[in-house]
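This is target17.cif. It holds mmCIF, C-alpha atoms.
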```cif
data_run
#
loop_
_atom_site.group_PDB
_atom_site.id
_atom_site.type_symbol
_atom_site.label_atom_id
_atom_site.label_comp_id
_atom_site.auth_asym_id
_atom_site.auth_seq_id
_atom_site.Cartn_x
_atom_site.Cartn_y
_atom_site.Cartn_z
ATOM 1 C CA MET A 106 -13.266 -9.400 17.672
ATOM 2 C CA ALA A 107 -11.641 -6.563 15.731
ATOM 3 C CA ASP A 108 -13.385 -3.181 15.440
ATOM 4 C CA TRP A 109 -12.859 -3.050 11.684
ATOM 5 C CA TRP A 110 -12.774 -5.153 8.532
ATOM 6 C CA TRP A 111 -12.641 -4.777 4.788
ATOM 7 C CA LYS A 112 -12.346 -6.415 1.391
ATOM 8 C CA ALA A 113 -10.188 -4.378 -0.962
ATOM 9 C CA ASP A 114 -8.127 -4.211 -4.126
ATOM 10 C CA TYR A 115 -4.520 -3.806 -3.003
ATOM 11 C CA PHE A 116 -1.639 -2.002 -4.729
ATOM 12 C CA GLU A 117 1.986 -2.002 -3.590
ATOM 13 C CA THR A 118 5.163 -0.533 -5.032
ATOM 14 C CA CYS A 119 8.548 -0.544 -3.323
ATOM 15 C CA ASN A 120 12.211 -0.017 -4.152
ATOM 16 C CA CYS A 121 13.205 -3.689 -3.833
ATOM 17 C CA ALA A 122 13.931 -6.170 -6.620
ATOM 18 C CA TYR A 123 10.958 -8.159 -7.945
ATOM 19 C CA GLY A 124 9.257 -10.152 -5.214
ATOM 20 C CA CYS A 125 10.707 -7.985 -2.410
ATOM 21 C CA PRO A 126 12.841 -9.988 0.047
ATOM 22 C CA CYS A 127 11.051 -8.281 2.956
ATOM 23 C CA ASN A 128 8.157 -10.653 2.237
ATOM 24 C CA LEU A 129 10.495 -13.496 3.198
ATOM 25 C CA THR A 130 11.738 -11.654 6.328
ATOM 26 C CA MET A 131 15.034 -11.005 4.542
ATOM 27 C CA ILE A 132 17.031 -7.786 4.168
ATOM 28 C CA PRO A 133 15.637 -5.355 1.549
ATOM 29 C CA THR A 134 17.515 -5.177 -1.747
ATOM 30 C CA ASP A 135 19.496 -1.999 -0.987
ATOM 31 C CA GLY A 136 19.096 -2.159 2.779
ATOM 32 C CA THR A 137 16.297 0.432 2.873
ATOM 33 C CA CYS A 138 12.549 0.327 2.280
ATOM 34 C CA GLN A 139 10.300 2.919 0.673
ATOM 35 C CA ALA A 140 6.812 2.242 -0.610
ATOM 36 C CA ILE A 141 3.317 3.282 -1.509
ATOM 37 C CA ASP A 142 0.608 0.871 -0.381
ATOM 38 C CA ALA A 143 -3.028 1.527 -1.291
ATOM 39 C CA TRP A 144 -6.366 -0.126 -0.600
ATOM 40 C CA ASN A 145 -9.420 0.524 -2.751
ATOM 41 C CA ILE A 146 -12.092 -0.685 -0.347
ATOM 42 C CA LYS A 147 -14.904 -2.633 -1.981
ATOM 43 C CA GLU A 148 -16.783 -3.170 1.259
ATOM 44 C CA GLY A 149 -15.879 -2.721 4.887
ATOM 45 C CA ALA A 150 -16.577 -0.939 8.146
ATOM 46 C CA TYR A 151 -15.093 0.460 11.322
ATOM 47 C CA LYS A 152 -17.628 -0.407 14.032
ATOM 48 C CA ASP A 153 -20.875 0.981 12.555
ATOM 49 C CA VAL A 154 -19.222 3.289 10.027
ATOM 50 C CA ARG A 155 -19.301 1.930 6.482
ATOM 51 C CA LEU A 156 -16.189 2.431 4.340
ATOM 52 C CA ASP A 157 -17.418 1.022 1.014
ATOM 53 C CA GLY A 158 -15.950 2.672 -2.079
ATOM 54 C CA LEU A 159 -13.267 4.697 -0.294
ATOM 55 C CA THR A 160 -9.501 4.510 -0.786
ATOM 56 C CA ILE A 161 -6.625 4.867 1.666
ATOM 57 C CA GLY A 162 -2.931 5.180 0.890
ATOM 58 C CA LEU A 163 0.125 4.609 3.048
ATOM 59 C CA PHE A 164 3.459 6.227 2.133
ATOM 60 C CA VAL A 165 6.363 4.802 4.136
ATOM 61 C CA ARG A 166 10.141 4.924 4.281
ATOM 62 C CA TRP A 167 12.683 3.213 6.495
ATOM 63 C CA PRO A 168 16.432 4.018 6.185
ATOM 64 C CA ASN A 169 17.131 0.422 7.130
ATOM 65 C CA PRO A 170 15.261 -2.928 7.226
ATOM 66 C CA ILE A 171 11.714 -2.427 8.525
ATOM 67 C CA HIS A 172 12.239 -4.403 11.732
ATOM 68 C CA LYS A 173 15.078 -2.048 12.729
ATOM 69 C CA GLY A 174 12.609 0.833 13.104
ATOM 70 C CA ASN A 175 13.258 4.521 12.326
ATOM 71 C CA GLY A 176 10.365 4.609 9.859
ATOM 72 C CA LYS A 177 8.349 7.618 8.743
ATOM 73 C CA ALA A 178 4.843 7.411 7.321
ATOM 74 C CA VAL A 179 1.982 9.413 5.888
ATOM 75 C CA VAL A 180 -1.578 8.080 5.807
ATOM 76 C CA TYR A 181 -3.445 9.594 2.858
ATOM 77 C CA ILE A 182 -7.235 9.465 3.110
ATOM 78 C CA ASP A 183 -9.809 9.845 0.351
ATOM 79 C CA ASP A 184 -11.323 13.338 0.611
ATOM 80 C CA ARG A 185 -14.728 11.931 -0.391
ATOM 81 C CA ALA A 186 -14.968 10.433 3.103
ATOM 82 C CA ASN A 187 -17.269 12.169 5.562
ATOM 83 C CA GLU A 188 -16.104 13.169 9.035
ATOM 84 C CA MET A 189 -16.895 9.818 10.652
ATOM 85 C CA GLN A 190 -15.288 7.894 7.792
ATOM 86 C CA ARG A 191 -12.188 10.089 7.952
ATOM 87 C CA ASP A 192 -11.837 9.426 11.659
ATOM 88 C CA ALA A 193 -12.293 5.683 11.106
ATOM 89 C CA LEU A 194 -9.736 5.482 8.298
ATOM 90 C CA ALA A 195 -7.270 7.586 10.299
ATOM 91 C CA LYS A 196 -7.526 5.199 13.235
ATOM 92 C CA ILE A 197 -7.036 2.184 10.968
ATOM 93 C CA GLY A 198 -4.218 3.684 8.904
ATOM 94 C CA THR A 199 -2.206 4.831 11.914
ATOM 95 C CA GLY A 200 -2.575 1.455 13.635
ATOM 96 C CA GLN A 201 -4.765 2.718 16.464
ATOM 97 C CA ALA A 202 -7.673 0.466 15.445
ATOM 98 C CA GLY A 203 -5.691 -2.682 16.232
ATOM 99 C CA LEU A 204 -4.811 -5.805 14.308
ATOM 100 C CA GLY A 205 -5.553 -6.369 10.638
ATOM 101 C CA GLY A 206 -3.279 -5.801 7.654
ATOM 102 C CA PRO A 207 0.071 -4.087 8.232
ATOM 103 C CA PHE A 208 -1.076 -0.957 10.058
ATOM 104 C CA GLU A 209 -0.517 -1.781 13.739
ATOM 105 C CA ILE A 210 2.672 -3.730 12.952
ATOM 106 C CA PHE A 211 4.165 -0.942 10.843
ATOM 107 C CA ALA A 212 3.202 1.719 13.398
ATOM 108 C CA SER A 213 5.416 0.002 15.964
ATOM 109 C CA THR A 214 8.428 0.669 13.683
ATOM 110 C CA TYR A 215 7.897 4.423 13.156
ATOM 111 C CA SER A 216 10.158 6.978 14.809
ATOM 112 C CA GLU A 217 7.142 9.286 15.184
ATOM 113 C CA PRO A 218 3.378 8.853 14.699
ATOM 114 C CA ALA A 219 2.214 8.747 11.091
ATOM 115 C CA LYS A 220 0.954 12.029 9.681
ATOM 116 C CA VAL A 221 -2.620 11.975 8.331
ATOM 117 C CA VAL A 222 -3.572 14.008 5.259
ATOM 118 C CA TYR A 223 -6.707 14.164 3.125
ATOM 119 C CA GLY A 224 -7.044 14.703 -0.590
ATOM 120 C CA PRO A 225 -8.288 13.415 -3.935
ATOM 121 C CA ILE A 226 -7.331 9.907 -5.017
ATOM 122 C CA HIS A 227 -7.500 8.444 -8.517
ATOM 123 C CA VAL A 228 -7.272 4.659 -8.883
ATOM 124 C CA GLU A 229 -7.366 2.853 -12.202
ATOM 125 C CA ARG A 230 -6.529 -0.742 -13.086
ATOM 126 C CA LYS A 231 -6.677 -2.730 -16.295
ATOM 127 C CA GLY A 232 -5.138 -6.185 -16.083
ATOM 128 C CA LYS A 233 -1.496 -5.847 -15.055
ATOM 129 C CA GLU A 234 -1.501 -2.079 -15.548
ATOM 130 C CA ALA A 235 -2.569 0.373 -12.859
ATOM 131 C CA THR A 236 -2.377 4.044 -11.979
ATOM 132 C CA LEU A 237 -2.488 5.702 -8.560
ATOM 133 C CA ARG A 238 -2.655 9.461 -8.026
ATOM 134 C CA PHE A 239 -2.788 11.135 -4.627
ATOM 135 C CA GLY A 240 -3.440 14.775 -5.400
ATOM 136 C CA ASP A 241 -0.144 16.360 -6.404
ATOM 137 C CA ILE A 242 1.985 14.758 -3.674
ATOM 138 C CA ALA A 243 2.319 11.120 -4.739
ATOM 139 C CA ARG A 244 1.935 8.917 -7.796
ATOM 140 C CA ALA A 245 2.579 5.364 -8.912
ATOM 141 C CA ASP A 246 2.268 3.604 -12.254
ATOM 142 C CA PHE A 247 2.278 -0.183 -12.600
ATOM 143 C CA GLU A 248 2.928 -2.266 -15.710
ATOM 144 C CA PRO A 249 3.646 -5.890 -16.637
ATOM 145 C CA ILE A 250 7.128 -7.345 -16.292
ATOM 146 C CA ARG A 251 8.383 -8.181 -19.775
ATOM 147 C CA SER A 252 10.936 -10.796 -20.742
ATOM 148 C CA ASP A 253 14.335 -9.467 -21.791
ATOM 149 C CA MET A 254 14.536 -12.397 -24.201
ATOM 150 C CA ASP A 255 11.317 -12.093 -26.220
ATOM 151 C CA ASN A 256 9.284 -9.301 -24.581
ATOM 152 C CA THR A 257 6.551 -11.681 -23.407
ATOM 153 C CA ILE A 258 4.625 -10.719 -20.288
ATOM 154 C CA ALA A 259 5.527 -12.533 -17.084
ATOM 155 C CA ASP A 260 2.668 -14.215 -15.251
ATOM 156 C CA ALA A 261 4.019 -14.654 -11.725
ATOM 157 C CA HIS A 262 2.500 -14.617 -8.263
ATOM 158 C CA MET A 263 3.932 -14.560 -4.769
ATOM 159 C CA ILE A 264 1.922 -16.887 -2.543
ATOM 160 C CA LEU A 265 2.144 -16.211 1.192
ATOM 161 C CA PRO A 266 -0.362 -18.434 3.055
ATOM 162 C CA ASN A 267 0.329 -16.577 6.320
ATOM 163 C CA GLY A 268 0.894 -13.150 4.785
ATOM 164 C CA PHE A 269 -0.515 -10.288 6.847
ATOM 165 C CA ILE A 270 -0.666 -7.842 3.917
ATOM 166 C CA PHE A 271 -1.629 -10.169 1.074
ATOM 167 C CA LYS A 272 -1.732 -13.907 0.497
ATOM 168 C CA ASP A 273 -1.618 -14.006 -3.311
ATOM 169 C CA GLY A 274 0.160 -11.091 -4.954
ATOM 170 C CA GLU A 275 0.487 -10.698 -8.714
ATOM 171 C CA ILE A 276 4.071 -9.547 -9.375
ATOM 172 C CA VAL A 277 4.340 -6.570 -11.718
ATOM 173 C CA ASN A 278 6.778 -3.740 -12.436
ATOM 174 C CA THR A 279 6.885 -0.296 -10.894
ATOM 175 C CA LYS A 280 7.056 1.986 -13.901
ATOM 176 C CA VAL A 281 7.470 4.930 -11.532
ATOM 177 C CA CYS A 282 6.688 5.793 -7.919
ATOM 178 C CA GLU A 283 7.186 9.240 -6.448
ATOM 179 C CA VAL A 284 6.284 10.805 -3.088
ATOM 180 C CA LYS A 285 6.797 14.429 -2.034
ATOM 181 C CA VAL A 286 5.090 15.267 1.254
ATOM 182 C CA GLY A 287 6.608 16.688 4.416
ATOM 183 C CA SER A 288 9.803 14.847 5.309
ATOM 184 C CA LEU A 289 8.995 12.038 2.867
ATOM 185 C CA ASN A 290 10.646 12.634 -0.477
ATOM 186 C CA PHE A 291 11.541 9.602 -2.577
ATOM 187 C CA LYS A 292 11.319 8.120 -6.042
ATOM 188 C CA HIS A 293 11.969 4.705 -7.569
ATOM 189 C CA GLU A 294 11.271 2.908 -10.836
ATOM 190 C CA ASN A 295 11.686 -0.521 -12.470
ATOM 191 C CA SER A 296 11.296 -2.289 -9.144
ATOM 192 C CA SER A 297 8.980 -4.635 -7.279
ATOM 193 C CA ALA A 298 5.219 -4.146 -7.296
ATOM 194 C CA PHE A 299 2.171 -6.223 -6.445
ATOM 195 C CA LEU A 300 -1.506 -6.211 -7.331
ATOM 196 C CA SER A 301 -3.836 -8.228 -5.136
ATOM 197 C CA LYS A 302 -7.214 -8.638 -3.508
ATOM 198 C CA VAL A 303 -7.178 -8.712 0.289
ATOM 199 C CA GLU A 304 -9.513 -9.366 3.188
ATOM 200 C CA TYR A 305 -8.705 -8.225 6.730
ATOM 201 C CA ASN A 306 -10.439 -9.306 9.954
ATOM 202 C CA ILE A 307 -12.958 -11.493 8.146
#
```
Would you mind giving the structure from this file in C-alpha cells?
Amino acid sequence: MADWWWKADYFETCNCAYGCPCNLTMIPTDGTCQAIDAWNIKEGAYKDVRLDGLTIGLFVRWPNPIHKGNGKAVVYIDDRANEMQRDALAKIGTGQAGLGGPFEIFASTYSEPAKVVYGPIHVERKGKEATLRFGDIARADFEPIRSDMDNTIADAHMILPNGFIFKDGEIVNTKVCEVKVGSLNFKHENSSAFLSKVEYNI
C-alpha cells in the first residue's frame, strides 16, 4: 500500500499542440517538453499527515522527449503548509514517496534531483478558464479553445483509461505560461492544456 493518496483538481500546460502527443507515447510537437503541472488537493494524506486544501506545482523541462532524460524540475509547495506538510509534499513531489501520479516516473528522467521551493500560490477556475500564480516566479492562464470558423468554444476531452496523470482531461488553450526560477526559464502560449480531476493511490 502506498504511503500517500489524494483527490485533486489538476491543471496542466505544455508547449505541445493540442492534446499533447506525449500522452500517446509519441514525440513532442517540437521535440522538447516544458510544462507547469499543478494539483489543488481537495483531500489527501501522506501517512498520518493531512494535505487537504493545499496546492503543489511542478515546473519541468526536457530538451528532448521525456523518455530520453536530461530533465530539470522545480517542485513548488504552498507556503500555507506547516513543517510536516511541507516535508510530505516535498517527498511526494520529488518522487521519493513512491508510486502515484507522475512524480516517481518523472524523477527517473531528471539529470539532477528536483529543487524544492516554497511560496504563495493562487488558483482560480471558472469553467474552461483558469489562473495559476506561483509567487513571482511562474504563472499560467487557461482559456477555451475557440473555432477559427465561427468562434464557438470547443468541448473536447482526452480519455486515457490507463493514464497515470489523468484519465479524463478537458482540452483547453494555454493563453500564456511562464517560468523563471533557477535554471528553468521558459515561456509558451497558444498550446496544449488540460483541466481535470484526479485521484492517486485510491
Fewer than 4 positions away in the same chain doesn't count, so skip those; otherwise give me all residues within 9 Å of Arg166 (chain A), counting all atoms listed in the file, as a VMD selection string. chain A and resid 137 to 140 171 175 to 178 289 291
Tell me, as a PDB file with C-alpha atoms, in the frame of the given file, which residues lie within 10 Å of region 244-257 of chain A, counting only C-alpha atoms; anything in the same chain fewer than 4 positions away does not count.
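New file out.pdb:
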```pdb
ATOM      1  CA  PHE A 116      -1.639  -2.002  -4.729  1.00  0.00           C
ATOM      2  CA  GLU A 117       1.986  -2.002  -3.590  1.00  0.00           C
ATOM      3  CA  THR A 118       5.163  -0.533  -5.032  1.00  0.00           C
ATOM      4  CA  TYR A 123      10.958  -8.159  -7.945  1.00  0.00           C
ATOM      5  CA  ALA A 140       6.812   2.242  -0.610  1.00  0.00           C
ATOM      6  CA  ILE A 141       3.317   3.282  -1.509  1.00  0.00           C
ATOM      7  CA  ASP A 142       0.608   0.871  -0.381  1.00  0.00           C
ATOM      8  CA  ILE A 226      -7.331   9.907  -5.017  1.00  0.00           C
ATOM      9  CA  HIS A 227      -7.500   8.444  -8.517  1.00  0.00           C
ATOM     10  CA  VAL A 228      -7.272   4.659  -8.883  1.00  0.00           C
ATOM     11  CA  GLU A 229      -7.366   2.853 -12.202  1.00  0.00           C
ATOM     12  CA  ARG A 230      -6.529  -0.742 -13.086  1.00  0.00           C
ATOM     13  CA  LYS A 231      -6.677  -2.730 -16.295  1.00  0.00           C
ATOM     14  CA  GLY A 232      -5.138  -6.185 -16.083  1.00  0.00           C
ATOM     15  CA  LYS A 233      -1.496  -5.847 -15.055  1.00  0.00           C
ATOM     16  CA  GLU A 234      -1.501  -2.079 -15.548  1.00  0.00           C
ATOM     17  CA  ALA A 235      -2.569   0.373 -12.859  1.00  0.00           C
ATOM     18  CA  THR A 236      -2.377   4.044 -11.979  1.00  0.00           C
ATOM     19  CA  LEU A 237      -2.488   5.702  -8.560  1.00  0.00           C
ATOM     20  CA  ARG A 238      -2.655   9.461  -8.026  1.00  0.00           C
ATOM     21  CA  PHE A 239      -2.788  11.135  -4.627  1.00  0.00           C
ATOM     22  CA  GLY A 240      -3.440  14.775  -5.400  1.00  0.00           C
ATOM     23  CA  ALA A 261       4.019 -14.654 -11.725  1.00  0.00           C
ATOM     24  CA  GLU A 275       0.487 -10.698  -8.714  1.00  0.00           C
ATOM     25  CA  ILE A 276       4.071  -9.547  -9.375  1.00  0.00           C
ATOM     26  CA  VAL A 277       4.340  -6.570 -11.718  1.00  0.00           C
ATOM     27  CA  ASN A 278       6.778  -3.740 -12.436  1.00  0.00           C
ATOM     28  CA  THR A 279       6.885  -0.296 -10.894  1.00  0.00           C
ATOM     29  CA  LYS A 280       7.056   1.986 -13.901  1.00  0.00           C
ATOM     30  CA  VAL A 281       7.470   4.930 -11.532  1.00  0.00           C
ATOM     31  CA  CYS A 282       6.688   5.793  -7.919  1.00  0.00           C
ATOM     32  CA  GLU A 283       7.186   9.240  -6.448  1.00  0.00           C
ATOM     33  CA  VAL A 284       6.284  10.805  -3.088  1.00  0.00           C
ATOM     34  CA  LYS A 285       6.797  14.429  -2.034  1.00  0.00           C
ATOM     35  CA  LYS A 292      11.319   8.120  -6.042  1.00  0.00           C
ATOM     36  CA  HIS A 293      11.969   4.705  -7.569  1.00  0.00           C
ATOM     37  CA  GLU A 294      11.271   2.908 -10.836  1.00  0.00           C
ATOM     38  CA  ASN A 295      11.686  -0.521 -12.470  1.00  0.00           C
ATOM     39  CA  SER A 296      11.296  -2.289  -9.144  1.00  0.00           C
ATOM     40  CA  SER A 297       8.980  -4.635  -7.279  1.00  0.00           C
ATOM     41  CA  ALA A 298       5.219  -4.146  -7.296  1.00  0.00           C
ATOM     42  CA  PHE A 299       2.171  -6.223  -6.445  1.00  0.00           C
ATOM     43  CA  LEU A 300      -1.506  -6.211  -7.331  1.00  0.00           C
TER      44      LEU A 300
END
```
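When only C-alpha atoms are used to measure the gap to Val286 (chain A), the shortest distance among A:Glu209, A:Asp241, A:Glu304, A:Asp114 belongs to A:Asp241.
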Please provide the set of residues having any atom within 12 Å of Gly268 (chain A), restricted to all atoms listed in the file, with same-chain residues fewer than 5 positions apart removed, written as a PyMOL selection string. chain A and resi 127-130+205-207+263+273-274+303-305
Could you give me, as a PyMOL selection string, the residues within 9 Å of Val221 (chain A), counting all atoms listed in the file and dropping anything in the same chain fewer than 4 positions from it? chain A and resi 178-182+195+198-199
Any chance you could build region 272-306 of chain A out to N, CA and C atoms and write it as an mmCIF file, in the frame of the given file?
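Writing done, so here's part_16.cif:
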```cif
data_model
loop_
_atom_site.group_PDB
_atom_site.id
_atom_site.type_symbol
_atom_site.label_atom_id
_atom_site.label_comp_id
_atom_site.auth_asym_id
_atom_site.auth_seq_id
_atom_site.Cartn_x
_atom_site.Cartn_y
_atom_site.Cartn_z
ATOM 1 N N LYS A 272 -2.045 -12.476 0.551
ATOM 2 C CA LYS A 272 -1.732 -13.907 0.497
ATOM 3 C C LYS A 272 -1.395 -14.377 -0.917
ATOM 4 N N ASP A 273 -1.897 -13.675 -1.907
ATOM 5 C CA ASP A 273 -1.618 -14.006 -3.311
ATOM 6 C C ASP A 273 -1.409 -12.693 -4.054
ATOM 7 N N GLY A 274 -0.151 -12.355 -4.307
ATOM 8 C CA GLY A 274 0.160 -11.091 -4.954
ATOM 9 C C GLY A 274 0.668 -11.302 -6.370
ATOM 10 N N GLU A 275 0.036 -10.649 -7.334
ATOM 11 C CA GLU A 275 0.487 -10.698 -8.714
ATOM 12 C C GLU A 275 1.696 -9.779 -8.850
ATOM 13 N N ILE A 276 2.830 -10.316 -9.309
ATOM 14 C CA ILE A 276 4.071 -9.547 -9.375
ATOM 15 C C ILE A 276 4.115 -8.765 -10.684
ATOM 16 N N VAL A 277 4.253 -7.448 -10.556
ATOM 17 C CA VAL A 277 4.340 -6.570 -11.718
ATOM 18 C C VAL A 277 5.508 -5.601 -11.520
ATOM 19 N N ASN A 278 5.673 -4.701 -12.481
ATOM 20 C CA ASN A 278 6.778 -3.740 -12.436
ATOM 21 C C ASN A 278 6.295 -2.363 -11.998
ATOM 22 N N THR A 279 7.115 -1.702 -11.195
ATOM 23 C CA THR A 279 6.885 -0.296 -10.894
ATOM 24 C C THR A 279 7.454 0.529 -12.036
ATOM 25 N N LYS A 280 6.584 1.097 -12.832
ATOM 26 C CA LYS A 280 7.056 1.986 -13.901
ATOM 27 C C LYS A 280 7.662 3.236 -13.277
ATOM 28 N N VAL A 281 6.949 3.809 -12.311
ATOM 29 C CA VAL A 281 7.470 4.930 -11.532
ATOM 30 C C VAL A 281 6.669 5.059 -10.252
ATOM 31 N N CYS A 282 7.342 5.472 -9.188
ATOM 32 C CA CYS A 282 6.688 5.793 -7.919
ATOM 33 C C CYS A 282 7.383 7.026 -7.373
ATOM 34 N N GLU A 283 6.606 8.006 -6.962
ATOM 35 C CA GLU A 283 7.186 9.240 -6.448
ATOM 36 C C GLU A 283 6.321 9.797 -5.330
ATOM 37 N N VAL A 284 6.963 10.216 -4.243
ATOM 38 C CA VAL A 284 6.284 10.805 -3.088
ATOM 39 C C VAL A 284 7.010 12.081 -2.691
ATOM 40 N N LYS A 285 6.247 13.160 -2.516
ATOM 41 C CA LYS A 285 6.797 14.429 -2.034
ATOM 42 C C LYS A 285 5.805 15.036 -1.055
ATOM 43 N N VAL A 286 5.976 14.715 0.231
ATOM 44 C CA VAL A 286 5.090 15.267 1.254
ATOM 45 C C VAL A 286 5.838 15.336 2.578
ATOM 46 N N GLY A 287 5.910 16.525 3.143
ATOM 47 C CA GLY A 287 6.608 16.688 4.416
ATOM 48 C C GLY A 287 8.049 16.207 4.329
ATOM 49 N N SER A 288 8.428 15.369 5.286
ATOM 50 C CA SER A 288 9.803 14.847 5.309
ATOM 51 C C SER A 288 9.982 13.615 4.431
ATOM 52 N N LEU A 289 8.903 13.171 3.787
ATOM 53 C CA LEU A 289 8.995 12.038 2.867
ATOM 54 C C LEU A 289 9.204 12.550 1.450
ATOM 55 N N ASN A 290 10.320 12.204 0.872
ATOM 56 C CA ASN A 290 10.646 12.634 -0.477
ATOM 57 C C ASN A 290 11.462 11.525 -1.127
ATOM 58 N N PHE A 291 10.820 10.709 -1.946
ATOM 59 C CA PHE A 291 11.541 9.602 -2.577
ATOM 60 C C PHE A 291 10.937 9.269 -3.936
ATOM 61 N N LYS A 292 11.747 8.552 -4.713
ATOM 62 C CA LYS A 292 11.319 8.120 -6.042
ATOM 63 C C LYS A 292 12.034 6.827 -6.391
ATOM 64 N N HIS A 293 11.338 5.910 -7.033
ATOM 65 C CA HIS A 293 11.969 4.705 -7.569
ATOM 66 C C HIS A 293 11.220 4.251 -8.820
ATOM 67 N N GLU A 294 11.875 3.421 -9.613
ATOM 68 C CA GLU A 294 11.271 2.908 -10.836
ATOM 69 C C GLU A 294 11.921 1.577 -11.196
ATOM 70 N N ASN A 295 11.213 0.806 -12.053
ATOM 71 C CA ASN A 295 11.686 -0.521 -12.470
ATOM 72 C C ASN A 295 12.065 -1.380 -11.261
ATOM 73 N N SER A 296 11.092 -1.541 -10.388
ATOM 74 C CA SER A 296 11.296 -2.289 -9.144
ATOM 75 C C SER A 296 10.048 -3.097 -8.820
ATOM 76 N N SER A 297 10.055 -3.727 -7.667
ATOM 77 C CA SER A 297 8.980 -4.635 -7.279
ATOM 78 C C SER A 297 7.632 -3.932 -7.123
ATOM 79 N N ALA A 298 6.584 -4.626 -7.525
ATOM 80 C CA ALA A 298 5.219 -4.146 -7.296
ATOM 81 C C ALA A 298 4.284 -5.349 -7.255
ATOM 82 N N PHE A 299 3.173 -5.164 -6.568
ATOM 83 C CA PHE A 299 2.171 -6.223 -6.445
ATOM 84 C C PHE A 299 0.784 -5.654 -6.661
ATOM 85 N N LEU A 300 -0.080 -6.465 -7.239
ATOM 86 C CA LEU A 300 -1.506 -6.211 -7.331
ATOM 87 C C LEU A 300 -2.217 -7.397 -6.690
ATOM 88 N N SER A 301 -3.207 -7.130 -5.845
ATOM 89 C CA SER A 301 -3.836 -8.228 -5.136
ATOM 90 C C SER A 301 -5.246 -7.857 -4.706
ATOM 91 N N LYS A 302 -5.937 -8.840 -4.189
ATOM 92 C CA LYS A 302 -7.214 -8.638 -3.508
ATOM 93 C C LYS A 302 -7.033 -9.157 -2.080
ATOM 94 N N VAL A 303 -7.430 -8.355 -1.095
ATOM 95 C CA VAL A 303 -7.178 -8.712 0.289
ATOM 96 C C VAL A 303 -8.455 -8.650 1.119
ATOM 97 N N GLU A 304 -8.436 -9.400 2.205
ATOM 98 C CA GLU A 304 -9.513 -9.366 3.188
ATOM 99 C C GLU A 304 -8.863 -9.330 4.568
ATOM 100 N N TYR A 305 -9.253 -8.361 5.385
ATOM 101 C CA TYR A 305 -8.705 -8.225 6.730
ATOM 102 C C TYR A 305 -9.827 -8.381 7.762
ATOM 103 N N ASN A 306 -9.528 -9.127 8.804
ATOM 104 C CA ASN A 306 -10.439 -9.306 9.954
ATOM 105 C C ASN A 306 -11.782 -9.910 9.556
#
```
